[in-house]
2 protein chains.
Amino acid sequence: MKLHTYYRSSASYRVRIALNLKGLAAEESYVHLSKNGGEQFAPAFDAINPQHLLPVLEDGAVVLTQSLAIIEYLDETRPGQALLPPDAAGRARVRALSQAIACDIHPINNLRVLKYLGAELGVSDQQKNAWYRHWVGLGLAALERQLASSPDTGLFCHGDQPTMADCCLVPQLYNARRFDCDLSAFPTIANIGIRCEALDAFARARPDLQPDAE
Amino acid sequence: MKLHTYYRSSASYRVRIALNLKGLAAEESYVHLSKNGGEQFAPAFDAINPQHLLPVLEDGAVVLTQSLAIIEYLDETRPGQALLPPDAAGRARVRALSQAIACDIHPINNLRVLKYLGAELGVSDQQKNAWYRHWVGLGLAALERQLASSPDTGLFCHGDQPTMADCCLVPQLYNARRFDCDLSAFPTIANIGIRCEALDAFARARPDLQPDAE
């Protein structure tokens with residue numbers, strides 16, 4: 001397998017965690033999202049993913065895009081620790097928690113959106129930071145309530161083993177800290193984050209520990 | 001089953017199509033996203049979904065959020081036409097096509113984001129429309145290339161039967177037309193859209209045909 005990745009890409013980070021949790025290794029190809037005008041726009045990567053987004057996982061002839069689709073694919077095709085629960089309601093819950101981050105927080109704060117705010121709309125850095133914190137705060141406040149109120153929440157987002165939802169949560173927390181978001185109102189999330197980051201599979205996936213980190 | 005829905009909610013529209021494709025009926029509860037300061041913020045709905053987003057599907061005691069998670073749940077728990085392919089690579093492709101819309105186009109253009117642009121950043125209506133068209137154009141251009149270049153694309157996004165990806169595509173096209181997006185560069189997408197909209201399951205789910213349409 002070959003993972004096209006960038007150390008700071010939140011969606012790549014999710015897949016790195018999932019690979020580690022499954023005990024899988026992938027060759028890595030590094031795509032720098034700002035150097036050389038953005039290597040995601042270079043012909044070599046454009047041919048692989050016209051979305052110009054990371055990560056991409058190549059599994060033989062199968063080219064996979066979208067981090068959640070990749071994680072489910074790995075879970076379905078590889079043995080080892082399950083990243084989704086065995087029951088339909090549990091799977092729906094883990095997918096919903098994952099999508100609450102991967103659809104409703106992250107894309108609004110993605111690099112390309114922040115760039116558009118600055119370049120096209122003349123939004124100041126201060127306003128961009130407020131934008132970032134607004135969507136993180138709104139999203140995590142809802143997630144905190146969903147996690148804190150459910151008997152399905154355990155040591156991790158769903159039960160006592162990490163799932164796809166935790167693969168999404170930890171990169172979002174990492175980004176939130178980068179942007180100095182106030183996380184004090186989210187104790188359930190913070191505790192799950194601490195438990196995840198104590199695990200080797202999460203720790204090894206951290207952006208600053210990647211070979212392409214600057 | 002009970003579907004909390006709003007006629008213009010793109011994510012609700014996806015689930016309405018999926019229910020129709022599966023031949024399922026759900027009682028509907030209407031949540032008006034702008035009347036009364038937004039009925040999604042009222043205590044009754046806040047208790048069901050602290051994200052304040054639609055749709056929500058109640059299946060007995062199971063409360064489901066996030067449209068893609070709901071569609072997969074319906075597919076896993078109900079008989080009838082499959083909305084995801086039987087093979088892992090096919091499922092990954094359908095999920096990735098769905099997420100390319102549900103993560104990377106729709107949330108950036110969602111009502112709450114457009115409101116923030118206007119109220120907090122003083123962005124004009126003209127700039128908001130340009131923003132909308134920018135993300136739709138970028139997202140659909142990539143999707144067009146992914147669909148046009150793949151032997152897995154058939155009469156529909158994946159093969160010759162509608163899948164979850166088509167449930168996402170049609171509401172996105174509906175919205176794109178509302179905002180006068182130029183779709184002439186996306187012939188593969190347009191043809192799939194026409195085939196979908198000719199089917200009763202898609203036609204009956206259209207926003208303007210819903211009981212709560214204005």
# chains A, B, ... in the order shown; residues from 1 in each chain; ligands from 1

$ interface_residues --of "chain B" --to "chain A" --cutoff "9 Å" --atoms "only C-alpha atoms" --output "count of residues only"
50

$ residues_around --residues "Gly38 in chain A" --least-positions-apart "4" --cutoff "12 Å" --atoms "only C-alpha atoms" --output "PyMOL selection string"
chain A and resi 6+30-34+42-43+45-46+52-54+111-112

$ residues_around --residues "Phe156 in chain A" --least-positions-apart "3" --cutoff "9 Å" --atoms "only C-alpha atoms" --output "ChimeraX atom specification"
/A:153,159-163,165-166,189,191-193,195-196

$ write_last_selection --atoms "all heavy atoms" --output "CSV table (one decimal), in the first residue's frame"
chain,number,residue,atom,x,y,z
A,153,THR,N,-20.9,5.9,25.1
A,153,THR,CA,-19.5,6.4,25.2
A,153,THR,C,-18.8,5.7,26.4
A,153,THR,O,-19.4,5.5,27.4
A,153,THR,CB,-19.6,7.9,25.6
A,153,THR,OG1,-20.4,8.6,24.5
A,153,THR,CG2,-18.2,8.6,25.7
A,159,GLY,N,-17.6,3.0,23.3
A,159,GLY,CA,-17.1,1.8,24.0
A,159,GLY,C,-15.7,2.0,24.5
A,159,GLY,O,-15.2,3.2,24.6
A,160,ASP,N,-15.0,0.9,24.8
A,160,ASP,CA,-13.7,1.0,25.5
A,160,ASP,C,-12.6,0.6,24.5
A,160,ASP,O,-11.4,0.4,25.0
A,160,ASP,CB,-13.7,0.0,26.7
A,160,ASP,CG,-14.7,0.5,27.8
A,160,ASP,OD1,-14.9,1.7,27.8
A,160,ASP,OD2,-15.2,-0.3,28.6
A,161,GLN,N,-12.8,0.7,23.2
A,161,GLN,CA,-11.8,0.5,22.2
A,161,GLN,C,-11.8,1.7,21.3
A,161,GLN,O,-12.9,2.1,21.0
A,161,GLN,CB,-12.0,-0.8,21.4
A,161,GLN,CG,-11.8,-2.1,22.2
A,161,GLN,CD,-10.4,-2.4,22.6
A,161,GLN,OE1,-9.5,-2.0,21.9
A,161,GLN,NE2,-10.2,-3.0,23.7
A,162,PRO,N,-10.7,2.1,20.8
A,162,PRO,CA,-10.8,3.2,19.8
A,162,PRO,C,-11.5,2.8,18.5
A,162,PRO,O,-11.4,1.6,18.1
A,162,PRO,CB,-9.3,3.5,19.5
A,162,PRO,CG,-8.5,2.9,20.5
A,162,PRO,CD,-9.3,1.7,21.0
A,163,THR,N,-12.2,3.7,17.9
A,163,THR,CA,-12.9,3.4,16.6
A,163,THR,C,-12.5,4.6,15.7
A,163,THR,O,-11.8,5.5,16.0
A,163,THR,CB,-14.4,3.4,16.8
A,163,THR,OG1,-14.8,4.7,17.2
A,163,THR,CG2,-14.9,2.4,17.8
A,165,ALA,N,-14.2,7.0,15.0
A,165,ALA,CA,-14.5,8.3,15.6
A,165,ALA,C,-13.4,8.9,16.3
A,165,ALA,O,-13.1,10.1,16.2
A,165,ALA,CB,-15.8,8.2,16.5
A,166,ASP,N,-12.6,8.1,17.0
A,166,ASP,CA,-11.4,8.6,17.7
A,166,ASP,C,-10.3,8.9,16.7
A,166,ASP,O,-9.5,9.9,17.0
A,166,ASP,CB,-10.9,7.5,18.7
A,166,ASP,CG,-12.0,7.1,19.7
A,166,ASP,OD1,-12.2,7.9,20.6
A,166,ASP,OD2,-12.5,6.0,19.6
A,189,ILE,N,-14.6,15.1,25.9
A,189,ILE,CA,-13.7,15.1,24.7
A,189,ILE,C,-12.2,15.1,25.1
A,189,ILE,O,-11.4,14.3,24.6
A,189,ILE,CB,-14.0,16.3,23.8
A,189,ILE,CG1,-15.3,16.1,23.1
A,189,ILE,CG2,-12.9,16.5,22.8
A,189,ILE,CD1,-15.8,17.3,22.2
A,191,ASN,N,-10.8,14.1,27.9
A,191,ASN,CA,-10.4,12.9,28.5
A,191,ASN,C,-10.2,11.8,27.5
A,191,ASN,O,-9.3,11.0,27.6
A,191,ASN,CB,-11.4,12.4,29.6
A,191,ASN,CG,-11.3,13.3,30.9
A,191,ASN,OD1,-10.2,13.7,31.2
A,191,ASN,ND2,-12.4,13.5,31.6
A,192,ILE,N,-11.1,11.7,26.5
A,192,ILE,CA,-11.0,10.7,25.5
A,192,ILE,C,-9.7,11.0,24.7
A,192,ILE,O,-8.9,10.1,24.4
A,192,ILE,CB,-12.2,10.7,24.5
A,192,ILE,CG1,-13.4,10.1,25.3
A,192,ILE,CG2,-11.9,9.9,23.3
A,192,ILE,CD1,-14.7,10.3,24.5
A,193,GLY,N,-9.4,12.3,24.4
A,193,GLY,CA,-8.2,12.7,23.7
A,193,GLY,C,-7.0,12.2,24.5
A,193,GLY,O,-6.0,11.7,23.9
A,195,ARG,N,-6.7,9.8,26.6
A,195,ARG,CA,-6.6,8.3,26.5
A,195,ARG,C,-6.0,7.8,25.2
A,195,ARG,O,-5.2,6.9,25.1
A,195,ARG,CB,-7.9,7.6,26.8
A,195,ARG,CG,-8.3,7.6,28.3
A,195,ARG,CD,-9.6,6.9,28.5
A,195,ARG,NE,-10.2,7.5,29.7
A,195,ARG,CZ,-11.3,8.2,29.7
A,195,ARG,NH1,-11.9,8.5,28.6
A,195,ARG,NH2,-11.7,8.7,30.9
A,196,CYS,N,-6.5,8.5,24.1
A,196,CYS,CA,-6.1,8.1,22.8
A,196,CYS,C,-4.6,8.4,22.6
A,196,CYS,O,-3.8,7.6,22.2
A,196,CYS,CB,-6.8,8.9,21.7
A,196,CYS,SG,-8.5,8.4,21.5

$ residues_around --residues "His4 in chain A" --least-positions-apart "4" --cutoff "6 Å" --atoms "only C-alpha atoms" --output "JSON, numbers by chain"
{"A": [28, 29, 30, 55, 56]}

$ atom_distance --atom1 "CA of Met164 in chain A" --atom2 "CA of Leu84 in chain A"
6.4 Å

$ select_by_dssp --residues "chain A" --states "helix (DSSP H, G or I)" --output "ChimeraX atom specification"
/A:10-21,35-37,39-41,43-46,67-77,88-102,106-109,111-119,125-148,164-178,187-197,200-203,207-209

$ atom_distance --atom1 "CA of Arg206 in chain A" --atom2 "CA of Phe41 in chain A"
24.8 Å

$ select_by_dssp --residues "range 27-144 of chain B" --states "strand (DSSP E or B)" --output "list in words"
Glu27, Glu28, Ser29, Tyr30, Val56, Leu57, Glu58, Asp59, Val62, Val63, Leu64 and Thr65 of chain B

$ atom_distance --atom1 "CA of Cys168 in chain B" --atom2 "CA of Asp180 in chain B"
18.7 Å

$ decode --residues "range 154-181 of chain A" --atoms "N, CA and C atoms" --output "PDB file, in the first residue's frame"
ATOM      1  N   GLY A 154     -17.615   5.274  26.109  1.00  0.00           N
ATOM      2  CA  GLY A 154     -16.866   4.571  27.149  1.00  0.00           C
ATOM      3  C   GLY A 154     -15.553   5.291  27.389  1.00  0.00           C
ATOM      4  N   LEU A 155     -14.488   4.527  27.471  1.00  0.00           N
ATOM      5  CA  LEU A 155     -13.168   5.137  27.606  1.00  0.00           C
ATOM      6  C   LEU A 155     -12.827   5.922  26.345  1.00  0.00           C
ATOM      7  N   PHE A 156     -13.440   5.479  25.234  1.00  0.00           N
ATOM      8  CA  PHE A 156     -13.247   6.165  23.952  1.00  0.00           C
ATOM      9  C   PHE A 156     -14.607   6.639  23.437  1.00  0.00           C
ATOM     10  N   CYS A 157     -14.653   7.179  22.227  1.00  0.00           N
ATOM     11  CA  CYS A 157     -15.917   7.754  21.728  1.00  0.00           C
ATOM     12  C   CYS A 157     -17.057   6.742  21.720  1.00  0.00           C
ATOM     13  N   HIS A 158     -16.724   5.494  21.410  1.00  0.00           N
ATOM     14  CA  HIS A 158     -17.742   4.443  21.380  1.00  0.00           C
ATOM     15  C   HIS A 158     -17.164   3.214  22.065  1.00  0.00           C
ATOM     16  N   GLY A 159     -17.594   2.979  23.299  1.00  0.00           N
ATOM     17  CA  GLY A 159     -17.090   1.825  24.043  1.00  0.00           C
ATOM     18  C   GLY A 159     -15.662   2.021  24.515  1.00  0.00           C
ATOM     19  N   ASP A 160     -15.023   0.896  24.815  1.00  0.00           N
ATOM     20  CA  ASP A 160     -13.715   0.960  25.475  1.00  0.00           C
ATOM     21  C   ASP A 160     -12.552   0.638  24.541  1.00  0.00           C
ATOM     22  N   GLN A 161     -12.817   0.652  23.243  1.00  0.00           N
ATOM     23  CA  GLN A 161     -11.759   0.486  22.247  1.00  0.00           C
ATOM     24  C   GLN A 161     -11.842   1.658  21.278  1.00  0.00           C
ATOM     25  N   PRO A 162     -10.708   2.111  20.752  1.00  0.00           N
ATOM     26  CA  PRO A 162     -10.771   3.200  19.764  1.00  0.00           C
ATOM     27  C   PRO A 162     -11.487   2.751  18.491  1.00  0.00           C
ATOM     28  N   THR A 163     -12.228   3.673  17.913  1.00  0.00           N
ATOM     29  CA  THR A 163     -12.908   3.425  16.633  1.00  0.00           C
ATOM     30  C   THR A 163     -12.544   4.551  15.659  1.00  0.00           C
ATOM     31  N   MET A 164     -13.175   4.495  14.484  1.00  0.00           N
ATOM     32  CA  MET A 164     -12.996   5.549  13.479  1.00  0.00           C
ATOM     33  C   MET A 164     -13.272   6.933  14.066  1.00  0.00           C
ATOM     34  N   ALA A 165     -14.216   7.014  14.990  1.00  0.00           N
ATOM     35  CA  ALA A 165     -14.548   8.325  15.583  1.00  0.00           C
ATOM     36  C   ALA A 165     -13.350   8.919  16.318  1.00  0.00           C
ATOM     37  N   ASP A 166     -12.595   8.070  17.011  1.00  0.00           N
ATOM     38  CA  ASP A 166     -11.401   8.561  17.708  1.00  0.00           C
ATOM     39  C   ASP A 166     -10.311   8.947  16.709  1.00  0.00           C
ATOM     40  N   CYS A 167     -10.256   8.232  15.578  1.00  0.00           N
ATOM     41  CA  CYS A 167      -9.301   8.594  14.511  1.00  0.00           C
ATOM     42  C   CYS A 167      -9.590  10.006  13.981  1.00  0.00           C
ATOM     43  N   CYS A 168     -10.850  10.418  14.047  1.00  0.00           N
ATOM     44  CA  CYS A 168     -11.220  11.774  13.604  1.00  0.00           C
ATOM     45  C   CYS A 168     -11.028  12.798  14.712  1.00  0.00           C
ATOM     46  N   LEU A 169     -11.359  12.390  15.944  1.00  0.00           N
ATOM     47  CA  LEU A 169     -11.335  13.346  17.062  1.00  0.00           C
ATOM     48  C   LEU A 169      -9.933  13.874  17.348  1.00  0.00           C
ATOM     49  N   VAL A 170      -8.956  12.986  17.409  1.00  0.00           N
ATOM     50  CA  VAL A 170      -7.606  13.389  17.829  1.00  0.00           C
ATOM     51  C   VAL A 170      -6.980  14.418  16.871  1.00  0.00           C
ATOM     52  N   PRO A 171      -7.039  14.224  15.561  1.00  0.00           N
ATOM     53  CA  PRO A 171      -6.512  15.275  14.667  1.00  0.00           C
ATOM     54  C   PRO A 171      -7.253  16.608  14.811  1.00  0.00           C
ATOM     55  N   GLN A 172      -8.571  16.543  15.070  1.00  0.00           N
ATOM     56  CA  GLN A 172      -9.316  17.790  15.259  1.00  0.00           C
ATOM     57  C   GLN A 172      -8.852  18.510  16.518  1.00  0.00           C
ATOM     58  N   LEU A 173      -8.576  17.752  17.571  1.00  0.00           N
ATOM     59  CA  LEU A 173      -8.072  18.360  18.813  1.00  0.00           C
ATOM     60  C   LEU A 173      -6.687  18.956  18.595  1.00  0.00           C
ATOM     61  N   TYR A 174      -5.865  18.249  17.853  1.00  0.00           N
ATOM     62  CA  TYR A 174      -4.509  18.747  17.546  1.00  0.00           C
ATOM     63  C   TYR A 174      -4.600  20.094  16.833  1.00  0.00           C
ATOM     64  N   ASN A 175      -5.486  20.174  15.847  1.00  0.00           N
ATOM     65  CA  ASN A 175      -5.672  21.441  15.120  1.00  0.00           C
ATOM     66  C   ASN A 175      -6.238  22.528  16.014  1.00  0.00           C
ATOM     67  N   ALA A 176      -7.184  22.153  16.866  1.00  0.00           N
ATOM     68  CA  ALA A 176      -7.810  23.127  17.761  1.00  0.00           C
ATOM     69  C   ALA A 176      -6.749  23.762  18.655  1.00  0.00           C
ATOM     70  N   ARG A 177      -5.817  22.957  19.132  1.00  0.00           N
ATOM     71  CA  ARG A 177      -4.741  23.487  19.980  1.00  0.00           C
ATOM     72  C   ARG A 177      -3.833  24.415  19.182  1.00  0.00           C
ATOM     73  N   ARG A 178      -3.559  24.051  17.929  1.00  0.00           N
ATOM     74  CA  ARG A 178      -2.720  24.903  17.068  1.00  0.00           C
ATOM     75  C   ARG A 178      -3.305  26.297  16.940  1.00  0.00           C
ATOM     76  N   PHE A 179      -4.657  26.364  16.906  1.00  0.00           N
ATOM     77  CA  PHE A 179      -5.335  27.650  16.743  1.00  0.00           C
ATOM     78  C   PHE A 179      -5.798  28.225  18.083  1.00  0.00           C
ATOM     79  N   ASP A 180      -5.220  27.704  19.191  1.00  0.00           N
ATOM     80  CA  ASP A 180      -5.523  28.238  20.532  1.00  0.00           C
ATOM     81  C   ASP A 180      -7.010  28.251  20.852  1.00  0.00           C
ATOM     82  N   CYS A 181      -7.731  27.228  20.417  1.00  0.00           N
ATOM     83  CA  CYS A 181      -9.151  27.150  20.774  1.00  0.00           C
ATOM     84  C   CYS A 181      -9.255  26.788  22.254  1.00  0.00           C
TER      85      CYS A 181
END
